[in-house]
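What's in target-v9.txt: compact mmCIF, C-alpha atoms and all ligand atoms
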```txt
# COMPACT_ATOMS: atom_id res chain seq x y z
CA MET A 39 120.58 97.48 75.22
CA PHE A 40 116.93 97.23 76.20
CA GLU A 41 114.70 100.26 76.54
CA PRO A 42 114.26 101.18 80.18
CA ILE A 43 110.86 100.25 81.65
CA PRO A 44 109.70 102.81 84.21
CA GLN A 45 107.62 101.80 87.25
CA ALA A 46 104.97 104.39 86.33
CA THR A 47 104.47 106.95 83.55
CA PRO A 48 101.78 109.53 84.28
CA GLY A 49 102.69 111.27 80.99
CA PHE A 50 101.04 108.54 78.90
CA ALA A 51 97.67 110.20 79.46
CA TYR A 52 98.92 113.17 77.47
CA THR A 53 100.86 111.38 74.76
CA GLU A 54 97.96 109.00 74.05
CA ARG A 55 95.24 111.68 74.12
CA ARG A 56 97.08 114.76 72.96
CA LEU A 57 94.40 116.11 70.61
CA GLU A 58 91.59 115.83 73.13
CA VAL A 59 93.63 117.23 75.99
CA ASP A 60 94.94 120.13 73.89
CA GLU A 61 91.39 120.96 72.81
CA VAL A 62 89.84 121.03 76.30
CA THR A 63 92.84 122.89 77.68
CA ARG A 64 92.53 125.59 75.03
CA ARG A 65 88.82 125.96 75.72
CA VAL A 66 89.36 126.41 79.45
CA LEU A 67 92.14 128.93 78.89
CA GLU A 68 89.89 130.90 76.52
CA SER A 69 86.88 130.71 78.84
CA GLY A 70 88.23 133.08 81.48
CA THR A 71 86.88 130.83 84.28
CA TYR A 72 89.59 128.90 86.08
CA ILE A 73 88.35 127.78 89.50
CA LEU A 74 85.05 126.02 90.37
CA GLY A 75 83.30 126.59 87.05
CA PRO A 76 81.30 124.53 84.57
CA GLN A 77 84.08 121.97 84.00
CA VAL A 78 84.28 121.21 87.71
CA GLU A 79 80.49 120.90 87.94
CA ALA A 80 80.33 118.60 84.94
CA PHE A 81 83.18 116.46 86.23
CA GLU A 82 81.60 116.21 89.69
CA GLU A 83 78.39 114.93 88.13
CA GLU A 84 80.08 112.55 85.73
CA PHE A 85 82.42 111.09 88.34
CA ALA A 86 79.63 110.66 90.92
CA ALA A 87 77.56 108.86 88.28
CA TYR A 88 80.52 106.64 87.43
CA VAL A 89 81.05 105.71 91.08
CA GLY A 90 77.31 105.30 91.67
CA VAL A 91 76.61 107.99 94.27
CA SER A 92 74.45 111.08 94.09
CA HIS A 93 77.03 113.75 94.97
CA GLY A 94 80.63 114.53 94.04
CA VAL A 95 82.48 117.54 95.41
CA GLY A 96 85.82 118.44 93.83
CA VAL A 97 88.60 119.48 96.20
CA ALA A 98 92.30 120.25 95.88
CA SER A 99 93.77 116.82 96.73
CA GLY A 100 93.04 113.36 98.04
CA THR A 101 94.44 114.35 101.42
CA ASP A 102 91.98 117.23 101.60
CA ALA A 103 89.18 114.91 100.50
CA VAL A 104 89.78 112.65 103.53
CA GLU A 105 90.06 115.60 105.91
CA LEU A 106 87.03 117.49 104.62
CA ALA A 107 84.88 114.34 104.47
CA LEU A 108 85.67 113.67 108.14
CA ARG A 109 84.99 117.30 109.11
CA ALA A 110 81.75 117.26 107.10
CA LEU A 111 80.66 114.28 109.21
CA GLY A 112 81.31 116.26 112.36
CA ILE A 113 84.54 114.50 113.28
CA GLY A 114 87.35 116.46 114.90
CA ALA A 115 89.06 117.11 118.22
CA GLY A 116 88.04 114.64 120.90
CA ASN A 117 87.45 111.83 118.40
CA ALA A 118 89.45 108.73 117.55
CA VAL A 119 89.51 107.49 113.95
CA PHE A 120 90.60 103.93 113.12
CA THR A 121 92.72 103.40 110.05
CA VAL A 122 95.80 101.45 108.93
CA SER A 123 99.52 102.17 109.18
CA HIS A 124 100.21 100.41 105.87
CA THR A 125 99.05 103.26 103.62
CA ALA A 126 100.15 106.54 102.10
CA VAL A 127 101.03 108.86 104.95
CA ALA A 128 98.32 111.15 103.55
CA THR A 129 95.56 109.02 105.09
CA VAL A 130 96.89 109.48 108.60
CA ALA A 131 97.91 113.11 108.01
CA ALA A 132 94.34 113.95 106.99
CA ILE A 133 92.89 112.38 110.13
CA GLY A 134 95.34 114.37 112.24
CA ARG A 135 94.51 117.59 110.41
CA CYS A 136 90.82 117.34 111.18
CA GLY A 137 91.84 117.27 114.84
CA ALA A 138 91.11 113.61 115.55
CA LEU A 139 93.48 110.96 116.94
CA PRO A 140 94.43 108.30 114.35
CA VAL A 141 94.32 104.77 115.80
CA LEU A 142 96.29 102.32 113.68
CA VAL A 143 95.05 98.82 112.95
CA ASP A 144 97.05 95.94 111.46
CA VAL A 145 96.41 94.59 107.96
CA ASP A 146 95.54 91.26 106.44
CA PRO A 147 98.74 89.51 105.25
CA TYR A 148 97.25 88.53 101.90
CA THR A 149 95.22 91.54 100.78
CA TYR A 150 97.25 94.19 102.67
CA THR A 151 94.03 95.96 103.66
CA MET A 152 92.55 96.52 107.14
CA ASP A 153 92.05 93.24 109.00
CA PRO A 154 88.47 93.32 110.34
CA GLU A 155 89.39 91.12 113.31
CA LYS A 156 92.10 93.56 114.30
CA LEU A 157 89.61 96.39 113.91
CA ALA A 158 87.20 94.61 116.25
CA THR A 159 89.97 94.25 118.84
CA ALA A 160 91.02 97.88 118.43
CA ILE A 161 87.46 99.15 118.93
CA ARG A 162 86.95 96.91 121.97
CA SER A 163 90.23 97.74 123.64
CA PHE A 164 90.00 101.47 122.96
CA GLY A 165 86.96 101.69 125.22
CA ASN A 166 86.56 105.21 126.50
CA ARG A 167 89.87 106.90 126.90
CA GLY A 168 89.54 110.13 128.83
CA ASP A 169 87.70 112.58 126.63
CA ILE A 170 88.51 110.78 123.40
CA ARG A 171 85.58 108.99 121.83
CA PRO A 172 85.85 106.62 118.83
CA ALA A 173 83.96 108.21 115.95
CA ALA A 174 84.99 106.85 112.56
CA VAL A 175 86.86 104.28 110.47
CA VAL A 176 88.89 105.12 107.37
CA PRO A 177 89.48 101.85 105.49
CA VAL A 178 91.99 102.16 102.64
CA HIS A 179 91.37 100.29 99.39
CA LEU A 180 95.10 99.76 98.97
CA TYR A 181 96.80 99.02 95.64
CA GLY A 182 93.42 98.91 93.85
CA GLN A 183 91.61 96.25 95.85
CA MET A 184 88.79 97.09 98.21
CA ALA A 185 89.08 96.40 101.91
CA ASP A 186 86.64 93.85 103.38
CA MET A 187 83.80 96.39 103.54
CA PRO A 188 80.96 94.05 104.58
CA ALA A 189 82.88 93.06 107.73
CA ILE A 190 84.08 96.62 108.39
CA LEU A 191 80.56 98.04 108.00
CA ASP A 192 79.16 95.44 110.42
CA LEU A 193 81.71 96.46 113.05
CA SER A 194 81.41 100.20 112.49
CA GLY A 195 77.63 100.01 112.47
CA ALA A 196 77.57 98.10 115.78
CA ALA A 197 79.96 100.61 117.36
CA GLY A 198 78.20 103.70 115.95
CA LEU A 199 81.21 104.76 113.87
CA LYS A 200 81.08 106.72 110.61
CA VAL A 201 82.98 105.33 107.63
CA VAL A 202 85.06 107.34 105.14
CA GLU A 203 86.54 105.14 102.42
CA ASP A 204 90.01 106.11 101.21
CA CYS A 205 89.55 105.40 97.48
CA ALA A 206 92.72 107.18 96.33
CA GLN A 207 93.99 103.94 94.76
CA ALA A 208 90.68 102.35 93.79
CA HIS A 209 88.91 104.32 91.04
CA GLY A 210 86.56 101.78 89.50
CA ALA A 211 87.32 98.87 91.87
CA ARG A 212 84.35 96.77 92.92
CA LEU A 213 83.39 94.32 95.64
CA ALA A 214 80.26 92.20 95.23
CA GLY A 215 79.42 94.31 92.18
CA ARG A 216 79.47 97.59 94.13
CA ARG A 217 82.07 100.22 93.39
CA ALA A 218 84.55 101.63 95.87
CA GLY A 219 83.08 104.87 97.16
CA THR A 220 79.49 103.65 97.55
CA TRP A 221 79.93 101.77 100.84
CA GLY A 222 80.72 104.33 103.52
CA ASP A 223 79.13 107.61 104.65
CA ALA A 224 81.56 109.35 102.32
CA ALA A 225 84.55 108.47 100.18
CA ALA A 226 87.75 110.30 99.27
CA PHE A 227 89.37 110.14 95.83
CA SER A 228 92.74 111.52 94.72
CA PHE A 229 93.63 112.51 91.16
CA TYR A 230 97.39 112.73 91.74
CA PRO A 231 98.99 112.12 88.31
CA THR A 232 99.92 108.44 88.89
CA LYS A 233 96.50 107.37 90.23
CA ASN A 234 94.18 105.25 88.08
CA LEU A 235 92.45 108.50 87.13
CA GLY A 236 95.12 111.18 87.22
CA ALA A 237 95.16 114.92 86.62
CA PHE A 238 98.16 116.95 85.45
CA GLY A 239 98.50 118.44 88.90
CA ASP A 240 96.76 117.90 92.22
CA GLY A 241 93.07 117.18 92.61
CA GLY A 242 90.62 115.23 94.74
CA LEU A 243 86.92 114.59 95.26
CA VAL A 244 84.52 113.61 98.03
CA ALA A 245 81.79 111.20 96.90
CA THR A 246 78.69 110.65 99.02
CA ASP A 247 75.00 109.82 98.89
CA ASP A 248 74.34 112.19 101.78
CA ALA A 249 73.20 115.64 100.62
CA VAL A 250 74.12 117.22 103.95
CA VAL A 251 77.66 115.84 103.87
CA ALA A 252 78.03 117.06 100.27
CA SER A 253 76.82 120.51 101.16
CA ASN A 254 79.12 120.63 104.19
CA VAL A 255 82.13 119.75 101.99
CA ARG A 256 81.10 122.42 99.45
CA ARG A 257 81.21 124.99 102.22
CA LEU A 258 84.35 123.72 103.88
CA ARG A 259 86.31 123.72 100.61
CA GLN A 260 85.81 127.47 100.28
CA TYR A 261 86.30 129.33 103.56
CA GLY A 262 83.15 127.86 105.13
CA TRP A 263 81.10 130.14 102.90
CA SER A 264 77.34 129.97 102.66
CA ASP A 265 75.72 130.67 99.27
CA ALA A 266 75.82 134.33 100.23
CA ARG A 267 79.60 134.07 100.71
CA VAL A 268 79.42 134.45 104.46
CA SER A 269 81.71 132.17 106.46
CA MET A 270 79.41 130.15 108.68
CA ARG A 271 82.28 128.13 110.17
CA PRO A 272 86.00 128.09 109.55
CA GLY A 273 86.82 126.50 106.21
CA ALA A 274 89.75 125.89 103.90
CA ASN A 275 90.82 126.84 100.41
CA SER A 276 90.59 123.45 98.77
CA ARG A 277 89.18 123.86 95.29
CA LEU A 278 89.47 121.86 92.09
CA ASP A 279 90.40 123.98 89.09
CA GLU A 280 88.82 124.07 85.65
CA LEU A 281 91.89 122.83 83.78
CA GLN A 282 92.25 119.73 85.93
CA ALA A 283 88.50 119.06 85.80
CA ALA A 284 88.42 119.33 81.99
CA ILE A 285 91.41 116.98 81.69
CA LEU A 286 89.87 114.56 84.20
CA ARG A 287 86.67 114.48 82.11
CA VAL A 288 88.76 113.22 79.20
CA GLY A 289 90.52 110.65 81.43
CA LEU A 290 87.25 109.41 82.92
CA ARG A 291 86.11 108.28 79.49
CA TYR A 292 89.14 105.98 79.34
CA LEU A 293 89.17 104.84 82.98
CA ASP A 294 87.53 101.43 82.48
CA ALA A 295 89.70 100.67 79.45
CA ASP A 296 92.82 101.80 81.36
CA ASN A 297 91.90 99.58 84.30
CA GLU A 298 91.42 96.68 81.90
CA ARG A 299 94.92 97.24 80.51
CA ARG A 300 96.26 97.17 84.08
CA ARG A 301 94.42 93.87 84.67
CA ALA A 302 95.93 92.35 81.54
CA THR A 303 99.42 93.11 82.87
CA ALA A 304 98.41 91.68 86.25
CA ARG A 305 97.25 88.42 84.66
CA LEU A 306 100.74 87.96 83.26
CA TYR A 307 102.50 88.87 86.53
CA ASP A 308 100.11 86.50 88.39
CA GLN A 309 101.84 83.59 86.71
CA LEU A 310 104.92 84.27 88.86
CA GLU A 311 103.05 82.57 91.69
CA VAL A 312 104.05 79.10 90.48
CA PHE A 313 107.69 80.08 91.04
CA GLY A 314 107.02 80.89 94.68
CA VAL A 315 106.70 84.67 94.30
CA GLY A 316 104.14 86.22 96.69
CA THR A 317 101.62 87.55 94.18
CA PRO A 318 98.57 89.57 95.28
CA ARG A 319 95.52 87.66 96.43
CA VAL A 320 92.20 88.88 95.09
CA LEU A 321 89.14 88.41 97.31
CA PRO A 322 86.38 86.28 95.78
CA ASP A 323 83.83 88.72 94.39
CA ALA A 324 86.38 91.53 94.08
CA GLU A 325 87.40 93.44 91.00
CA HIS A 326 90.96 94.67 91.51
CA VAL A 327 92.11 97.71 89.53
CA TYR A 328 95.84 97.28 90.20
CA HIS A 329 96.84 100.79 91.09
CA GLN A 330 100.00 98.94 92.05
CA TYR A 331 101.03 95.36 91.44
CA VAL A 332 102.88 94.47 94.63
CA ILE A 333 104.72 91.21 95.16
CA ARG A 334 106.35 89.94 98.35
CA VAL A 335 109.82 88.38 98.27
CA SER A 336 112.20 87.84 101.14
CA ARG A 337 115.24 89.39 99.39
CA ARG A 338 113.44 92.42 98.11
CA ASP A 339 116.41 94.75 97.76
CA ALA A 340 118.45 92.15 95.87
CA LEU A 341 115.60 91.69 93.39
CA ARG A 342 115.25 95.43 92.91
CA ALA A 343 118.96 95.75 92.18
CA VAL A 344 118.87 92.96 89.59
CA LEU A 345 115.84 94.48 87.87
CA ALA A 346 117.41 97.94 87.93
CA GLY A 347 120.44 96.42 86.17
CA GLU A 348 118.10 95.37 83.37
CA GLY A 349 116.55 98.81 83.13
CA ILE A 350 113.37 97.80 84.96
CA GLY A 351 112.05 100.37 87.40
CA THR A 352 110.43 99.26 90.66
CA ALA A 353 109.21 101.10 93.74
CA VAL A 354 108.24 100.30 97.32
CA HIS A 355 104.84 101.39 98.55
CA TYR A 356 105.72 102.07 101.26
CA PRO A 357 109.27 101.63 102.62
CA LEU A 358 108.16 102.71 106.10
CA ALA A 359 104.78 102.17 107.67
CA VAL A 360 103.24 105.40 108.92
CA HIS A 361 103.98 104.62 112.59
CA GLN A 362 107.67 104.09 111.69
CA GLN A 363 108.04 107.70 110.53
CA PRO A 364 109.21 110.30 113.06
CA ALA A 365 106.12 112.50 112.72
CA TYR A 366 103.84 109.61 113.67
CA GLU A 367 105.92 107.43 116.00
CA GLN A 368 103.86 108.44 118.98
CA LEU A 369 100.80 106.81 117.38
CA LEU A 370 102.17 103.39 118.23
CA SER A 371 100.96 103.90 121.78
CA SER A 372 97.35 104.06 120.59
CA ALA A 373 97.79 101.14 118.18
CA GLY A 374 97.35 97.45 118.70
CA THR A 375 100.23 95.31 117.54
CA LEU A 376 101.25 96.12 113.99
CA GLU A 377 103.33 92.98 113.42
CA LEU A 378 102.15 92.20 109.91
CA THR A 379 102.49 95.80 108.83
CA ALA A 380 106.07 95.88 110.11
CA ARG A 381 106.88 92.60 108.38
CA ILE A 382 105.48 93.31 104.94
CA VAL A 383 107.19 96.68 104.53
CA THR A 384 110.50 94.80 104.30
CA GLU A 385 109.25 92.38 101.63
CA ILE A 386 107.09 94.34 99.21
CA VAL A 387 108.06 95.51 95.73
CA SER A 388 105.83 97.37 93.27
CA LEU A 389 106.42 96.20 89.69
CA PRO A 390 105.99 98.39 86.61
CA MET A 391 102.24 99.04 86.31
CA PHE A 392 100.51 101.65 84.16
CA PRO A 393 97.94 101.37 81.38
CA ALA A 394 100.41 102.10 78.59
CA LEU A 395 102.83 99.35 79.65
CA ALA A 396 103.37 97.31 76.47
CA PRO A 397 102.77 93.55 76.72
CA THR A 398 106.35 92.97 75.47
CA ALA A 399 107.69 95.13 78.29
CA ALA A 400 105.53 93.34 80.89
CA THR A 401 106.84 90.04 79.54
CA ARG A 402 110.41 91.25 80.04
CA VAL A 403 109.60 92.06 83.67
CA TYR A 404 108.03 88.63 84.13
CA GLU A 405 110.97 86.81 82.53
CA ALA A 406 113.53 88.75 84.57
CA ILE A 407 111.83 87.83 87.86
CA LYS A 408 111.36 84.23 86.79
CA ALA A 409 115.07 83.98 85.94
CA TRP A 410 116.05 85.54 89.27
CA VAL A 411 113.96 82.99 91.17
CA ALA A 412 115.22 80.10 89.03
CA ALA A 413 118.83 81.11 89.72
CA GLY A 414 118.04 80.51 93.40
CA ASP A 415 118.50 84.14 94.28
CA GLY A 416 115.08 84.41 95.86
CA GLY A 417 116.50 83.10 99.11
CA ASP A 418 113.29 81.39 100.28
C1 LIG B 1 97.57 109.29 96.99
C2 LIG B 1 96.90 108.89 98.24
C3 LIG B 1 96.31 109.81 99.11
C4 LIG B 1 96.50 111.29 98.99
O1 LIG B 1 96.17 111.86 97.81
P1 LIG B 1 96.83 113.25 97.37
O2 LIG B 1 95.98 113.66 96.22
O3 LIG B 1 98.24 112.99 97.01
O4 LIG B 1 96.69 114.20 98.51
C5 LIG B 1 95.59 109.35 100.20
N1 LIG B 1 95.48 108.04 100.44
C6 LIG B 1 96.06 107.11 99.65
C7 LIG B 1 95.88 105.67 99.98
C8 LIG B 1 96.79 107.50 98.53
O5 LIG B 1 97.37 106.58 97.76
```
Can you present the structure in this file as C-alpha cells?
Ligand SMILES: *Cc1c(COP(=O)(O)O)cnc(C)c1O
Amino acid sequence: MFEPIPQATPGFAYTERRLEVDEVTRRVLESGTYILGPQVEAFEEEFAAYVGVSHGVGVASGTDAVELALRALGIGAGNAVFTVSHTAVATVAAIGRCGALPVLVDVDPYTYTMDPEKLATAIRSFGNRGDIRPAAVVPVHLYGQMADMPAILDLSGAAGLKVVEDCAQAHGARLAGRRAGTWGDAAAFSFYPTKNLGAFGDGGLVATDDAVVASNVRRLRQYGWSDARVSMRPGANSRLDELQAAILRVGLRYLDADNERRRATARLYDQLEVFGVGTPRVLPDAEHVYHQYVIRVSRRDALRAVLAGEGIGTAVHYPLAVHQQPAYEQLLSSAGTLELTARIVTEIVSLPMFPALAPTAATRVYEAIKAWVAAGDGGD
C-alpha cells in the first residue's frame, strides 16, 4: 500500500525547521513579552522589505487585514467595494465588516482572478445608487497568481476608487517584476498555517507605502489608541503576537525557496495539459507562487474519488462561490452576472501542493490523473 499523500501539510514548517523554531519559541517564552513586542516589529520590517513597501503592520488575521486596510482608507458605511465571488469567504466578510456593501464581479475563465472587463461594466452600471457610493476595489490574487493589476488600476484610477490587494494566497508572487502587495493603496496578507508563509496559529499583516494608512491601521488594531493610549476612534483588538512573529521570521527566510519547490511541483502537473486536463494558465510576465494548483475537469467528483482510493488527498477551493452561501445570497442583487464563477466551482480540484511534497509523490499524483484520463473517465 502506498503512503497517503495529503493535499496540504502545514506541519512541515516545524518538522523541517525544528531546531530554529524551538530556539525562537523558547526565547519568546523567556522574554516575558508576548503581544506587539520586538519580534512583531522586526517581522513587520522584514516582511515589508521583502514585499517592497515601506510599512508593514501586523494584525490578528488576513480577514482583519482586509477590514482594517479598508477602514484605514476611510471606507465604511455608505460605500460599495468591488471584489470577486470566487474567493475565500473572508474577503467578502471583511468588506461587510467595515460597513461597506460588497459588489461581486465575475472572474476570468483562465486565471480565475477578477475580469477587468467585468469590473468596468460593474463600475459603470453601479452608477449612483441611493446613498451608496463606489469607493474601492479588492482584487484577489487567487491561488498564487496576481490579478491583472495594470488593467484594474487603470479602471480604479479613472473611477476614483481605492485599491486593497488581497494577497492572502500570493506571498512572493510577481507581475511585471513587481511583487503582490506593492500595487494598491494597501495590501492584506494572511499567515494562516497553510498559506505560502504560515504561522502556527492565526496572523495577518497590512502592507502599504502610505504612512498615514499604516498609522491608521496601527491605531485601529488596538482600540483606536493614540500613542498616549487614548481611543481617538473606535478600534479593534487585532494584534499579532510575539510567538507567531518569531516563527514567521524563520519562515520568511525560506519563503522564496518554498515557493520554488511549489513551482517545481507545478511544472510536473503542467504536463497534464497534453491529456486535455484544464491546467492553470499563467499570465505572460507573471510569477505564480502556486498557493494552490487547481485543475478543471468536467467530472471533478469522480476524479476526486479515484484519487482518494489511491490515498491522494484533494480539496476544492471553493465548493460554493460566496454568493451561493446563505449569508451572502442577497449580494447577487448587486452583482453583475456571475456565470463563469458559477461554472468553475463545479469543475475545480486542488491537487496536493505544499513545499515538502516529494517529487516521487507528485509523480504519483501526475500518473494517477494521466491514467484516469487515458481510461476515458474524464468524460470530455
Ligand atoms: C486565507 C484567506 C483570507 C483570510 O485570511 P485569514 O487569516 O484566514 O483570516 C482572505 N482572503 C483569501 C483569498 C484567503 O485565501
(message) List as a ChimeraX atom specification the protein and nucleic acid residues lying within 7 Å of ligand LIG 1 (chain B), with all atoms listed in the file counted.
(response) /A:99-102,125-126,128-129,178,180,204-207,228-230,240-242
Write a file of the just-selected residues containing C-alpha atoms, as a JSON list (two decimals), keeping the file's coordinate frame.
```json
[["chain", "number", "residue", "atom", "x", "y", "z"],
["A", 99, "SER", "CA", 93.77, 116.82, 96.73],
["A", 100, "GLY", "CA", 93.04, 113.36, 98.04],
["A", 101, "THR", "CA", 94.44, 114.35, 101.42],
["A", 102, "ASP", "CA", 91.98, 117.23, 101.60],
["A", 125, "THR", "CA", 99.05, 103.26, 103.62],
["A", 126, "ALA", "CA", 100.15, 106.54, 102.10],
["A", 128, "ALA", "CA", 98.32, 111.15, 103.55],
["A", 129, "THR", "CA", 95.56, 109.02, 105.09],
["A", 178, "VAL", "CA", 91.99, 102.16, 102.64],
["A", 180, "LEU", "CA", 95.10, 99.76, 98.97],
["A", 204, "ASP", "CA", 90.01, 106.11, 101.21],
["A", 205, "CYS", "CA", 89.55, 105.40, 97.48],
["A", 206, "ALA", "CA", 92.72, 107.18, 96.33],
["A", 207, "GLN", "CA", 93.99, 103.94, 94.76],
["A", 228, "SER", "CA", 92.74, 111.52, 94.72],
["A", 229, "PHE", "CA", 93.63, 112.51, 91.16],
["A", 230, "TYR", "CA", 97.39, 112.73, 91.74],
["A", 240, "ASP", "CA", 96.76, 117.90, 92.22],
["A", 241, "GLY", "CA", 93.07, 117.18, 92.61],
["A", 242, "GLY", "CA", 90.62, 115.23, 94.74]]
```
(request) Please determine the residues with any atom at most 12 Å from (79.6, 101.3, 115.3) (coordinates as given in the file, with only C-alpha atoms counting) and report them as a list in words. (result)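 The answer, in the requested form, is Val119, Phe120, Leu157, Ala158, Ile161, Arg162, Arg171, Pro172, Ala173, Ala174, Val175, Ala189, Ile190, Leu191, Asp192, Leu193, Ser194, Gly195, Ala196, Ala197, Gly198, Leu199, Lys200 and Val201 of chain A.
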Pull C-alpha atoms from the residues just selected and write them as a compact mmCIF listing (two decimals), in the frame of the given file.
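Below you can see selection-v3.txt, which holds the result:
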```txt
# COMPACT_ATOMS: atom_id res chain seq x y z
CA VAL A 119 89.51 107.49 113.95
CA PHE A 120 90.60 103.93 113.12
CA LEU A 157 89.61 96.39 113.91
CA ALA A 158 87.20 94.61 116.25
CA ILE A 161 87.46 99.15 118.93
CA ARG A 162 86.95 96.91 121.97
CA ARG A 171 85.58 108.99 121.83
CA PRO A 172 85.85 106.62 118.83
CA ALA A 173 83.96 108.21 115.95
CA ALA A 174 84.99 106.85 112.56
CA VAL A 175 86.86 104.28 110.47
CA ALA A 189 82.88 93.06 107.73
CA ILE A 190 84.08 96.62 108.39
CA LEU A 191 80.56 98.04 108.00
CA ASP A 192 79.16 95.44 110.42
CA LEU A 193 81.71 96.46 113.05
CA SER A 194 81.41 100.20 112.49
CA GLY A 195 77.63 100.01 112.47
CA ALA A 196 77.57 98.10 115.78
CA ALA A 197 79.96 100.61 117.36
CA GLY A 198 78.20 103.70 115.95
CA LEU A 199 81.21 104.76 113.87
CA LYS A 200 81.08 106.72 110.61
CA VAL A 201 82.98 105.33 107.63
```
(message) Which residue is closest to Glu105 (chain A)? Choose from A:Val255, A:Ser123, A:Ala51, A:Gly70 and count all atoms listed in the file.
(response) A:Val255
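The smallest atom-to-atom distance between Ala80 (chain A) and any of A:Arg287, A:Arg65, A:His326, A:Arg277, using all atoms listed in the file, is found for A:Arg287.
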(request) Determine the nearest neighbour of Leu306 (chain A) from the options A:Thr398, A:Gln183, A:Thr71, A:Gln260, counting all atoms listed in the file. (result) A:Thr398
(request) Return the single residue from A:Val244, A:Ala86, A:Ile73, A:Ile285 that is closest to Arg217 (chain A), with distances computed using all atoms listed in the file. (result)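 Ranked by minimum distance to Arg217 (chain A), first place goes to A:Ala86.
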(message) Set the distance at 10 Å and use all atoms listed in the file: which residues neighbour Tyr356 (chain A) once local chain neighbours fewer than 3 positions away are removed? I'd like the list as a list in words.
(response)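 The residues satisfying every condition are His124, Thr125, Ala126, Val127, Ala353, Ala359, Val360, Ile382, Val383, Thr384, Ile386, Val387 and Ser388 of chain A.
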(request) In Å, rounded to a single decimal, give me how far CA of Arg402 (chain A) is from CA of Val315 (chain A). (result)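 About the pair CA of Val315 (chain A) and CA of Arg402 (chain A): they are 16.1 Å apart.
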(message) Using all atoms listed in the file for the distances, tell me which of A:Gly262, A:Thr151, A:Ala118, A:Ala400 is nearest to Asn166 (chain A).
(response) A:Ala118
(message) Ranking A:Leu74, A:Val288, A:Leu139, A:Ala413 by minimum distance to Arg167 (chain A) and counting all atoms listed in the file, which one comes first?
(response) A:Leu139
Need the shell around Gly347 (chain A): protein/DNA/RNA residues with any atom at most 12 Å away, counting only C-alpha atoms. Skip same-chain ones fewer than 2 positions apart. Format as an mmCIF file with C-alpha atoms, in the frame of the given file?
```
data_model
loop_
_atom_site.group_PDB
_atom_site.id
_atom_site.type_symbol
_atom_site.label_atom_id
_atom_site.label_comp_id
_atom_site.auth_asym_id
_atom_site.auth_seq_id
_atom_site.Cartn_x
_atom_site.Cartn_y
_atom_site.Cartn_z
ATOM 1 C CA MET A 39 120.580 97.480 75.220
ATOM 2 C CA PHE A 40 116.930 97.230 76.200
ATOM 3 C CA GLU A 41 114.700 100.260 76.540
ATOM 4 C CA PRO A 42 114.260 101.180 80.180
ATOM 5 C CA ILE A 43 110.860 100.250 81.650
ATOM 6 C CA ALA A 340 118.450 92.150 95.870
ATOM 7 C CA LEU A 341 115.600 91.690 93.390
ATOM 8 C CA ARG A 342 115.250 95.430 92.910
ATOM 9 C CA ALA A 343 118.960 95.750 92.180
ATOM 10 C CA VAL A 344 118.870 92.960 89.590
ATOM 11 C CA LEU A 345 115.840 94.480 87.870
ATOM 12 C CA GLY A 349 116.550 98.810 83.130
ATOM 13 C CA ILE A 350 113.370 97.800 84.960
ATOM 14 C CA GLY A 351 112.050 100.370 87.400
ATOM 15 C CA THR A 352 110.430 99.260 90.660
ATOM 16 C CA VAL A 403 109.600 92.060 83.670
ATOM 17 C CA ALA A 406 113.530 88.750 84.570
#
```
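Of note, CA of Gly219 (chain A) and CA of Tyr181 (chain A) are spaced 15.0 Å apart.
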(request) For CA of Val91 (chain A) and CA of Asp247 (chain A), determine how far apart the two atoms are, in Å to one decimal place. (result) 5.2 Å
Which residues come within 7 Å of Phe81 (chain A), counting all atoms listed in the file, excluding same-chain residues fewer than 3 positions away, as an mmCIF file with C-alpha atoms, keeping the file's coordinate frame?
```
data_model
loop_
_atom_site.group_PDB
_atom_site.id
_atom_site.type_symbol
_atom_site.label_atom_id
_atom_site.label_comp_id
_atom_site.auth_asym_id
_atom_site.auth_seq_id
_atom_site.Cartn_x
_atom_site.Cartn_y
_atom_site.Cartn_z
ATOM 1 C CA GLN A 77 84.080 121.970 84.000
ATOM 2 C CA VAL A 78 84.280 121.210 87.710
ATOM 3 C CA GLU A 84 80.080 112.550 85.730
ATOM 4 C CA PHE A 85 82.420 111.090 88.340
ATOM 5 C CA ALA A 283 88.500 119.060 85.800
ATOM 6 C CA ARG A 287 86.670 114.480 82.110
#
```
(request) Please provide the set of residues having any atom within 10 Å of Arg216 (chain A), restricted to all atoms listed in the file, with same-chain residues fewer than 3 positions apart removed, written as a VMD selection string. (result) chain A and resid 89 to 90 210 to 213 219 to 221 323 to 325
Fewer than 6 positions away in the same chain doesn't count, so skip those; otherwise give me all residues within 10 Å of Asp296 (chain A), counting all atoms listed in the file, as a PDB file with C-alpha atoms, in the coordinates of the input.
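Below is the file that was written, out.pdb:
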```
ATOM      1  CA  ALA A  51      97.670 110.200  79.460  1.00  0.00           C
ATOM      2  CA  ASN A 234      94.180 105.250  88.080  1.00  0.00           C
ATOM      3  CA  LEU A 235      92.450 108.500  87.130  1.00  0.00           C
ATOM      4  CA  GLY A 289      90.520 110.650  81.430  1.00  0.00           C
ATOM      5  CA  LEU A 290      87.250 109.410  82.920  1.00  0.00           C
ATOM      6  CA  ALA A 302      95.930  92.350  81.540  1.00  0.00           C
ATOM      7  CA  VAL A 327      92.110  97.710  89.530  1.00  0.00           C
ATOM      8  CA  PHE A 392     100.510 101.650  84.160  1.00  0.00           C
ATOM      9  CA  PRO A 393      97.940 101.370  81.380  1.00  0.00           C
ATOM     10  CA  ALA A 394     100.410 102.100  78.590  1.00  0.00           C
TER      11      ALA A 394
END
```
(request) Counting only C-alpha atoms, note down every residue that has an atom within 7 Å of the point (93.3, 100.7, 107.4) (file coordinates), as a PyMOL selection string. (result) chain A and resi 121-123+143+145+151-152+176-178
Can I get the selection written as a PDB file, in the frame of the given file, with C-alpha atoms?
```pdb
ATOM      1  CA  THR A 121      92.720 103.400 110.050  1.00  0.00           C
ATOM      2  CA  VAL A 122      95.800 101.450 108.930  1.00  0.00           C
ATOM      3  CA  SER A 123      99.520 102.170 109.180  1.00  0.00           C
ATOM      4  CA  VAL A 143      95.050  98.820 112.950  1.00  0.00           C
ATOM      5  CA  VAL A 145      96.410  94.590 107.960  1.00  0.00           C
ATOM      6  CA  THR A 151      94.030  95.960 103.660  1.00  0.00           C
ATOM      7  CA  MET A 152      92.550  96.520 107.140  1.00  0.00           C
ATOM      8  CA  VAL A 176      88.890 105.120 107.370  1.00  0.00           C
ATOM      9  CA  PRO A 177      89.480 101.850 105.490  1.00  0.00           C
ATOM     10  CA  VAL A 178      91.990 102.160 102.640  1.00  0.00           C
TER      11      VAL A 178
END
```
